[in-house]
Amino acid sequence: MTTLKSKLQEDLNAAIKERDELRSSTLRLTLAAITKEEVAGKEKRELSDDEVQKVITREAKKRREAAEAFAQGGRPEQSEREKAEGEVLARYLPKQLSDEELDAIVAQAVEEAKAAGAEGPRAMGAVMKIVNPKVAGQAEGGRVAAAVKKLLVG
C-alpha cells in the first residue's frame, strides 16, 4: 500500500474512533475513489503516491465546485459542508502556490517560450508545457491557464 493511501486509511480509522462524521465520510469517499481508480482498466494495480495525490486533488476540486453550485442555488448549509470536506482533503495536498509565486513561474516560462520562438496568444500551448511540470499539484489548471493568458495577451 502506498504511504499516502495508508495515511488516509489510518486517519479514517482515527476519525471513526473519534466519531468525527465529517472527516470519516470524506476520507471514505476519497478512499473509494482511489480504489475505483486502482481497478479501472484491464487489471487491478497499486497507485503511486503521485497518482493518489491526483485523485485527492480531483476530489477536492469536486468539493469546491459543489460548494459553489450549492451557494448559487441558495443552499448555504450544503455549501458549508462541501467547503469543510474540501478543507479535510486539503491537508493531504501540497501547499498551493500564491498568485505572486504562480505569476513569477509563468513569466519565466513566457520568456523561455519567446526564446524558443513562440510568441503571442498562439504560444499558450508552448508556455503551458513549460509551466505544468513546475507547478504540478500546487496550482489548479484553470488558475495556471488564466495566468498564462493574462501574460501573453496583456
# chains A, B, ... in the order shown; residues from 1 in each chain; ligands from 1
call {"tool": "residues_around", "arguments": {"residues": "A:Ser98", "least_positions_apart": "3", "cutoff": "12 Å", "atoms": "only C-alpha atoms", "output": "PyMOL selection string"}}
result
chain A and resi 95+101-105+135+138-140+143-144+147
call {"tool": "write_last_selection", "arguments": {"atoms": "all heavy atoms", "output": "mmCIF file, in the first residue's frame"}}
result
data_model
loop_
_atom_site.group_PDB
_atom_site.id
_atom_site.type_symbol
_atom_site.label_atom_id
_atom_site.label_comp_id
_atom_site.auth_asym_id
_atom_site.auth_seq_id
_atom_site.Cartn_x
_atom_site.Cartn_y
_atom_site.Cartn_z
ATOM 1 N N LYS A 95 1.050 22.385 -0.460
ATOM 2 C CA LYS A 95 0.616 23.771 -0.304
ATOM 3 C C LYS A 95 0.459 24.400 -1.691
ATOM 4 O O LYS A 95 1.296 24.216 -2.557
ATOM 5 C CB LYS A 95 1.665 24.538 0.513
ATOM 6 C CG LYS A 95 1.250 25.922 0.907
ATOM 7 C CD LYS A 95 2.376 26.586 1.686
ATOM 8 C CE LYS A 95 2.224 28.083 1.708
ATOM 9 N NZ LYS A 95 2.265 28.719 0.406
ATOM 10 N N GLU A 101 3.712 33.820 -6.629
ATOM 11 C CA GLU A 101 4.621 32.728 -6.998
ATOM 12 C C GLU A 101 4.250 32.159 -8.364
ATOM 13 O O GLU A 101 5.120 31.916 -9.200
ATOM 14 C CB GLU A 101 4.566 31.611 -5.945
ATOM 15 C CG GLU A 101 5.130 32.007 -4.598
ATOM 16 C CD GLU A 101 4.813 30.993 -3.497
ATOM 17 O OE1 GLU A 101 3.679 30.453 -3.492
ATOM 18 O OE2 GLU A 101 5.691 30.733 -2.656
ATOM 19 N N LEU A 102 2.954 31.980 -8.603
ATOM 20 C CA LEU A 102 2.487 31.444 -9.878
ATOM 21 C C LEU A 102 2.837 32.399 -11.018
ATOM 22 O O LEU A 102 3.357 31.971 -12.060
ATOM 23 C CB LEU A 102 0.981 31.197 -9.835
ATOM 24 C CG LEU A 102 0.360 30.627 -11.105
ATOM 25 C CD1 LEU A 102 0.959 29.270 -11.447
ATOM 26 C CD2 LEU A 102 -1.147 30.498 -10.949
ATOM 27 N N ASP A 103 2.595 33.704 -10.813
ATOM 28 C CA ASP A 103 2.906 34.695 -11.852
ATOM 29 C C ASP A 103 4.397 34.695 -12.178
ATOM 30 O O ASP A 103 4.782 34.826 -13.346
ATOM 31 C CB ASP A 103 2.453 36.099 -11.425
ATOM 32 C CG ASP A 103 0.936 36.254 -11.470
ATOM 33 O OD1 ASP A 103 0.273 35.414 -12.127
ATOM 34 O OD2 ASP A 103 0.417 37.205 -10.853
ATOM 35 N N ALA A 104 5.251 34.536 -11.167
ATOM 36 C CA ALA A 104 6.702 34.523 -11.400
ATOM 37 C C ALA A 104 7.103 33.311 -12.251
ATOM 38 O O ALA A 104 7.904 33.434 -13.188
ATOM 39 C CB ALA A 104 7.452 34.500 -10.070
ATOM 40 N N ILE A 105 6.552 32.154 -11.953
ATOM 41 C CA ILE A 105 6.851 30.931 -12.717
ATOM 42 C C ILE A 105 6.356 31.078 -14.150
ATOM 43 O O ILE A 105 7.058 30.729 -15.107
ATOM 44 C CB ILE A 105 6.227 29.691 -12.030
ATOM 45 C CG1 ILE A 105 6.939 29.403 -10.706
ATOM 46 C CG2 ILE A 105 6.298 28.469 -12.952
ATOM 47 C CD1 ILE A 105 6.271 28.364 -9.836
ATOM 48 N N VAL A 135 4.539 23.341 -11.714
ATOM 49 C CA VAL A 135 3.504 23.662 -10.724
ATOM 50 C C VAL A 135 2.595 22.476 -10.413
ATOM 51 O O VAL A 135 1.609 22.634 -9.699
ATOM 52 C CB VAL A 135 2.629 24.862 -11.158
ATOM 53 C CG1 VAL A 135 3.473 26.101 -11.345
ATOM 54 C CG2 VAL A 135 1.835 24.548 -12.406
ATOM 55 N N GLN A 138 0.406 21.987 -7.329
ATOM 56 C CA GLN A 138 0.473 23.174 -6.482
ATOM 57 C C GLN A 138 -0.414 24.308 -6.977
ATOM 58 O O GLN A 138 -0.540 25.327 -6.317
ATOM 59 C CB GLN A 138 1.915 23.671 -6.377
ATOM 60 C CG GLN A 138 2.819 22.662 -5.705
ATOM 61 C CD GLN A 138 4.246 23.137 -5.667
ATOM 62 O OE1 GLN A 138 4.752 23.694 -6.619
ATOM 63 N NE2 GLN A 138 4.903 22.913 -4.550
ATOM 64 N N ALA A 139 -0.994 24.129 -8.167
ATOM 65 C CA ALA A 139 -1.913 25.131 -8.700
ATOM 66 C C ALA A 139 -2.855 24.427 -9.656
ATOM 67 O O ALA A 139 -2.449 23.553 -10.402
ATOM 68 C CB ALA A 139 -1.144 26.237 -9.420
ATOM 69 N N GLU A 140 -4.110 24.818 -9.611
ATOM 70 C CA GLU A 140 -5.127 24.216 -10.462
ATOM 71 C C GLU A 140 -4.929 24.656 -11.909
ATOM 72 O O GLU A 140 -4.536 25.789 -12.174
ATOM 73 C CB GLU A 140 -6.481 24.682 -9.950
ATOM 74 C CG GLU A 140 -7.582 23.690 -10.196
ATOM 75 C CD GLU A 140 -8.843 24.120 -9.474
ATOM 76 O OE1 GLU A 140 -9.521 25.033 -9.986
ATOM 77 O OE2 GLU A 140 -9.132 23.553 -8.418
ATOM 78 N N ARG A 143 -6.363 28.003 -13.033
ATOM 79 C CA ARG A 143 -5.611 29.148 -12.499
ATOM 80 C C ARG A 143 -4.353 29.386 -13.328
ATOM 81 O O ARG A 143 -4.000 30.515 -13.644
ATOM 82 C CB ARG A 143 -5.191 28.848 -11.049
ATOM 83 C CG ARG A 143 -5.780 29.770 -10.029
ATOM 84 C CD ARG A 143 -5.294 29.433 -8.640
ATOM 85 N NE ARG A 143 -4.108 30.209 -8.347
ATOM 86 C CZ ARG A 143 -3.204 29.867 -7.437
ATOM 87 N NH1 ARG A 143 -3.325 28.774 -6.753
ATOM 88 N NH2 ARG A 143 -2.163 30.630 -7.211
ATOM 89 N N VAL A 144 -3.671 28.294 -13.675
ATOM 90 C CA VAL A 144 -2.436 28.381 -14.465
ATOM 91 C C VAL A 144 -2.759 28.964 -15.840
ATOM 92 O O VAL A 144 -2.086 29.897 -16.298
ATOM 93 C CB VAL A 144 -1.762 26.995 -14.603
ATOM 94 C CG1 VAL A 144 -0.544 27.085 -15.512
ATOM 95 C CG2 VAL A 144 -1.370 26.447 -13.241
ATOM 96 N N ALA A 147 -3.415 32.657 -15.733
ATOM 97 C CA ALA A 147 -2.180 33.426 -15.527
ATOM 98 C C ALA A 147 -1.379 33.524 -16.824
ATOM 99 O O ALA A 147 -0.853 34.585 -17.174
ATOM 100 C CB ALA A 147 -1.341 32.800 -14.420
#
call {"tool": "closest_residue", "arguments": {"among": "A:Gln78, A:Asn132, A:Ser48, A:Gln72", "to": "A:Leu4", "atoms": "only C-alpha atoms"}}
result
A:Ser48
call {"tool": "closest_residue", "arguments": {"among": "A:Ile56, A:Ala107, A:Ala15, A:Val148", "to": "A:Gly125", "atoms": "only C-alpha atoms"}}
result
A:Val148
call {"tool": "select_by_dssp", "arguments": {"residues": "chain A", "states": "alpha helix (DSSP H)", "output": "PyMOL selection string"}}
result
chain A and resi 3-17+21-39+49-72+76-90+99-115+124-135+141-153
call {"tool": "decode", "arguments": {"residues": "stretch 115-143 of chain A", "atoms": "N, CA, C and O atoms", "output": "mmCIF file, in the first residue's frame"}}
result
data_model
loop_
_atom_site.group_PDB
_atom_site.id
_atom_site.type_symbol
_atom_site.label_atom_id
_atom_site.label_comp_id
_atom_site.auth_asym_id
_atom_site.auth_seq_id
_atom_site.Cartn_x
_atom_site.Cartn_y
_atom_site.Cartn_z
ATOM 1 N N ALA A 115 12.083 32.790 -26.234
ATOM 2 C CA ALA A 115 13.439 32.442 -26.674
ATOM 3 C C ALA A 115 13.395 31.296 -27.685
ATOM 4 O O ALA A 115 14.233 31.213 -28.577
ATOM 5 N N ALA A 116 12.403 30.418 -27.535
ATOM 6 C CA ALA A 116 12.251 29.288 -28.456
ATOM 7 C C ALA A 116 11.464 29.683 -29.708
ATOM 8 O O ALA A 116 11.235 28.858 -30.586
ATOM 9 N N GLY A 117 11.026 30.941 -29.788
ATOM 10 C CA GLY A 117 10.355 31.424 -30.986
ATOM 11 C C GLY A 117 8.842 31.472 -30.910
ATOM 12 O O GLY A 117 8.188 31.841 -31.872
ATOM 13 N N ALA A 118 8.254 31.108 -29.780
ATOM 14 C CA ALA A 118 6.790 31.141 -29.654
ATOM 15 C C ALA A 118 6.385 32.477 -29.039
ATOM 16 O O ALA A 118 6.925 32.871 -28.022
ATOM 17 N N GLU A 119 5.453 33.168 -29.698
ATOM 18 C CA GLU A 119 5.023 34.466 -29.172
ATOM 19 C C GLU A 119 3.536 34.699 -29.365
ATOM 20 O O GLU A 119 2.913 34.058 -30.214
ATOM 21 N N GLY A 120 2.991 35.620 -28.583
ATOM 22 C CA GLY A 120 1.582 35.975 -28.713
ATOM 23 C C GLY A 120 0.656 34.897 -28.177
ATOM 24 O O GLY A 120 1.098 33.918 -27.578
ATOM 25 N N PRO A 121 -0.651 35.065 -28.398
ATOM 26 C CA PRO A 121 -1.638 34.114 -27.872
ATOM 27 C C PRO A 121 -1.435 32.674 -28.353
ATOM 28 O O PRO A 121 -1.786 31.730 -27.678
ATOM 29 N N ARG A 122 -0.819 32.508 -29.554
ATOM 30 C CA ARG A 122 -0.605 31.163 -30.066
ATOM 31 C C ARG A 122 0.473 30.409 -29.276
ATOM 32 O O ARG A 122 0.609 29.195 -29.423
ATOM 33 N N ALA A 123 1.224 31.105 -28.451
ATOM 34 C CA ALA A 123 2.292 30.476 -27.669
ATOM 35 C C ALA A 123 1.750 29.782 -26.425
ATOM 36 O O ALA A 123 2.495 29.160 -25.682
ATOM 37 N N MET A 124 0.440 29.874 -26.203
ATOM 38 C CA MET A 124 -0.173 29.330 -24.986
ATOM 39 C C MET A 124 0.241 27.870 -24.740
ATOM 40 O O MET A 124 0.647 27.515 -23.645
ATOM 41 N N GLY A 125 0.130 27.026 -25.752
ATOM 42 C CA GLY A 125 0.468 25.608 -25.597
ATOM 43 C C GLY A 125 1.918 25.407 -25.195
ATOM 44 O O GLY A 125 2.232 24.614 -24.303
ATOM 45 N N ALA A 126 2.818 26.151 -25.840
ATOM 46 C CA ALA A 126 4.248 26.033 -25.534
ATOM 47 C C ALA A 126 4.528 26.449 -24.084
ATOM 48 O O ALA A 126 5.289 25.789 -23.370
ATOM 49 N N VAL A 127 3.910 27.537 -23.666
ATOM 50 C CA VAL A 127 4.112 28.043 -22.297
ATOM 51 C C VAL A 127 3.537 27.049 -21.285
ATOM 52 O O VAL A 127 4.173 26.742 -20.272
ATOM 53 N N MET A 128 2.341 26.520 -21.568
ATOM 54 C CA MET A 128 1.710 25.555 -20.648
ATOM 55 C C MET A 128 2.589 24.312 -20.482
ATOM 56 O O MET A 128 2.693 23.763 -19.388
ATOM 57 N N LYS A 129 3.244 23.866 -21.579
ATOM 58 C CA LYS A 129 4.125 22.698 -21.499
ATOM 59 C C LYS A 129 5.296 22.951 -20.562
ATOM 60 O O LYS A 129 5.775 22.038 -19.897
ATOM 61 N N ILE A 130 5.767 24.188 -20.513
ATOM 62 C CA ILE A 130 6.890 24.546 -19.641
ATOM 63 C C ILE A 130 6.403 24.686 -18.194
ATOM 64 O O ILE A 130 7.057 24.225 -17.258
ATOM 65 N N VAL A 131 5.245 25.329 -18.008
ATOM 66 C CA VAL A 131 4.741 25.639 -16.663
ATOM 67 C C VAL A 131 4.206 24.412 -15.920
ATOM 68 O O VAL A 131 4.516 24.212 -14.746
ATOM 69 N N ASN A 132 3.405 23.572 -16.597
ATOM 70 C CA ASN A 132 2.719 22.472 -15.918
ATOM 71 C C ASN A 132 3.614 21.569 -15.062
ATOM 72 O O ASN A 132 3.271 21.301 -13.919
ATOM 73 N N PRO A 133 4.760 21.096 -15.567
ATOM 74 C CA PRO A 133 5.587 20.241 -14.699
ATOM 75 C C PRO A 133 6.101 20.973 -13.452
ATOM 76 O O PRO A 133 6.274 20.369 -12.401
ATOM 77 N N LYS A 134 6.316 22.293 -13.583
ATOM 78 C CA LYS A 134 6.846 23.068 -12.456
ATOM 79 C C LYS A 134 5.820 23.294 -11.347
ATOM 80 O O LYS A 134 6.181 23.440 -10.191
ATOM 81 N N VAL A 135 4.539 23.341 -11.714
ATOM 82 C CA VAL A 135 3.504 23.662 -10.724
ATOM 83 C C VAL A 135 2.595 22.476 -10.413
ATOM 84 O O VAL A 135 1.609 22.634 -9.699
ATOM 85 N N ALA A 136 2.937 21.295 -10.926
ATOM 86 C CA ALA A 136 2.086 20.108 -10.759
ATOM 87 C C ALA A 136 1.641 19.939 -9.309
ATOM 88 O O ALA A 136 2.458 19.888 -8.397
ATOM 89 N N GLY A 137 0.334 19.893 -9.111
ATOM 90 C CA GLY A 137 -0.217 19.678 -7.776
ATOM 91 C C GLY A 137 -0.251 20.909 -6.890
ATOM 92 O O GLY A 137 -0.839 20.890 -5.829
ATOM 93 N N GLN A 138 0.406 21.987 -7.329
ATOM 94 C CA GLN A 138 0.473 23.174 -6.482
ATOM 95 C C GLN A 138 -0.414 24.308 -6.977
ATOM 96 O O GLN A 138 -0.540 25.327 -6.317
ATOM 97 N N ALA A 139 -0.994 24.129 -8.167
ATOM 98 C CA ALA A 139 -1.913 25.131 -8.700
ATOM 99 C C ALA A 139 -2.855 24.427 -9.656
ATOM 100 O O ALA A 139 -2.449 23.553 -10.402
ATOM 101 N N GLU A 140 -4.110 24.818 -9.611
ATOM 102 C CA GLU A 140 -5.127 24.216 -10.462
ATOM 103 C C GLU A 140 -4.929 24.656 -11.909
ATOM 104 O O GLU A 140 -4.536 25.789 -12.174
ATOM 105 N N GLY A 141 -5.237 23.761 -12.836
ATOM 106 C CA GLY A 141 -5.049 24.035 -14.258
ATOM 107 C C GLY A 141 -5.702 25.321 -14.743
ATOM 108 O O GLY A 141 -5.122 26.073 -15.516
ATOM 109 N N GLY A 142 -6.914 25.575 -14.278
ATOM 110 C CA GLY A 142 -7.630 26.787 -14.683
ATOM 111 C C GLY A 142 -6.918 28.049 -14.236
ATOM 112 O O GLY A 142 -6.857 29.044 -14.971
ATOM 113 N N ARG A 143 -6.363 28.003 -13.033
ATOM 114 C CA ARG A 143 -5.611 29.148 -12.499
ATOM 115 C C ARG A 143 -4.353 29.386 -13.328
ATOM 116 O O ARG A 143 -4.000 30.515 -13.644
#
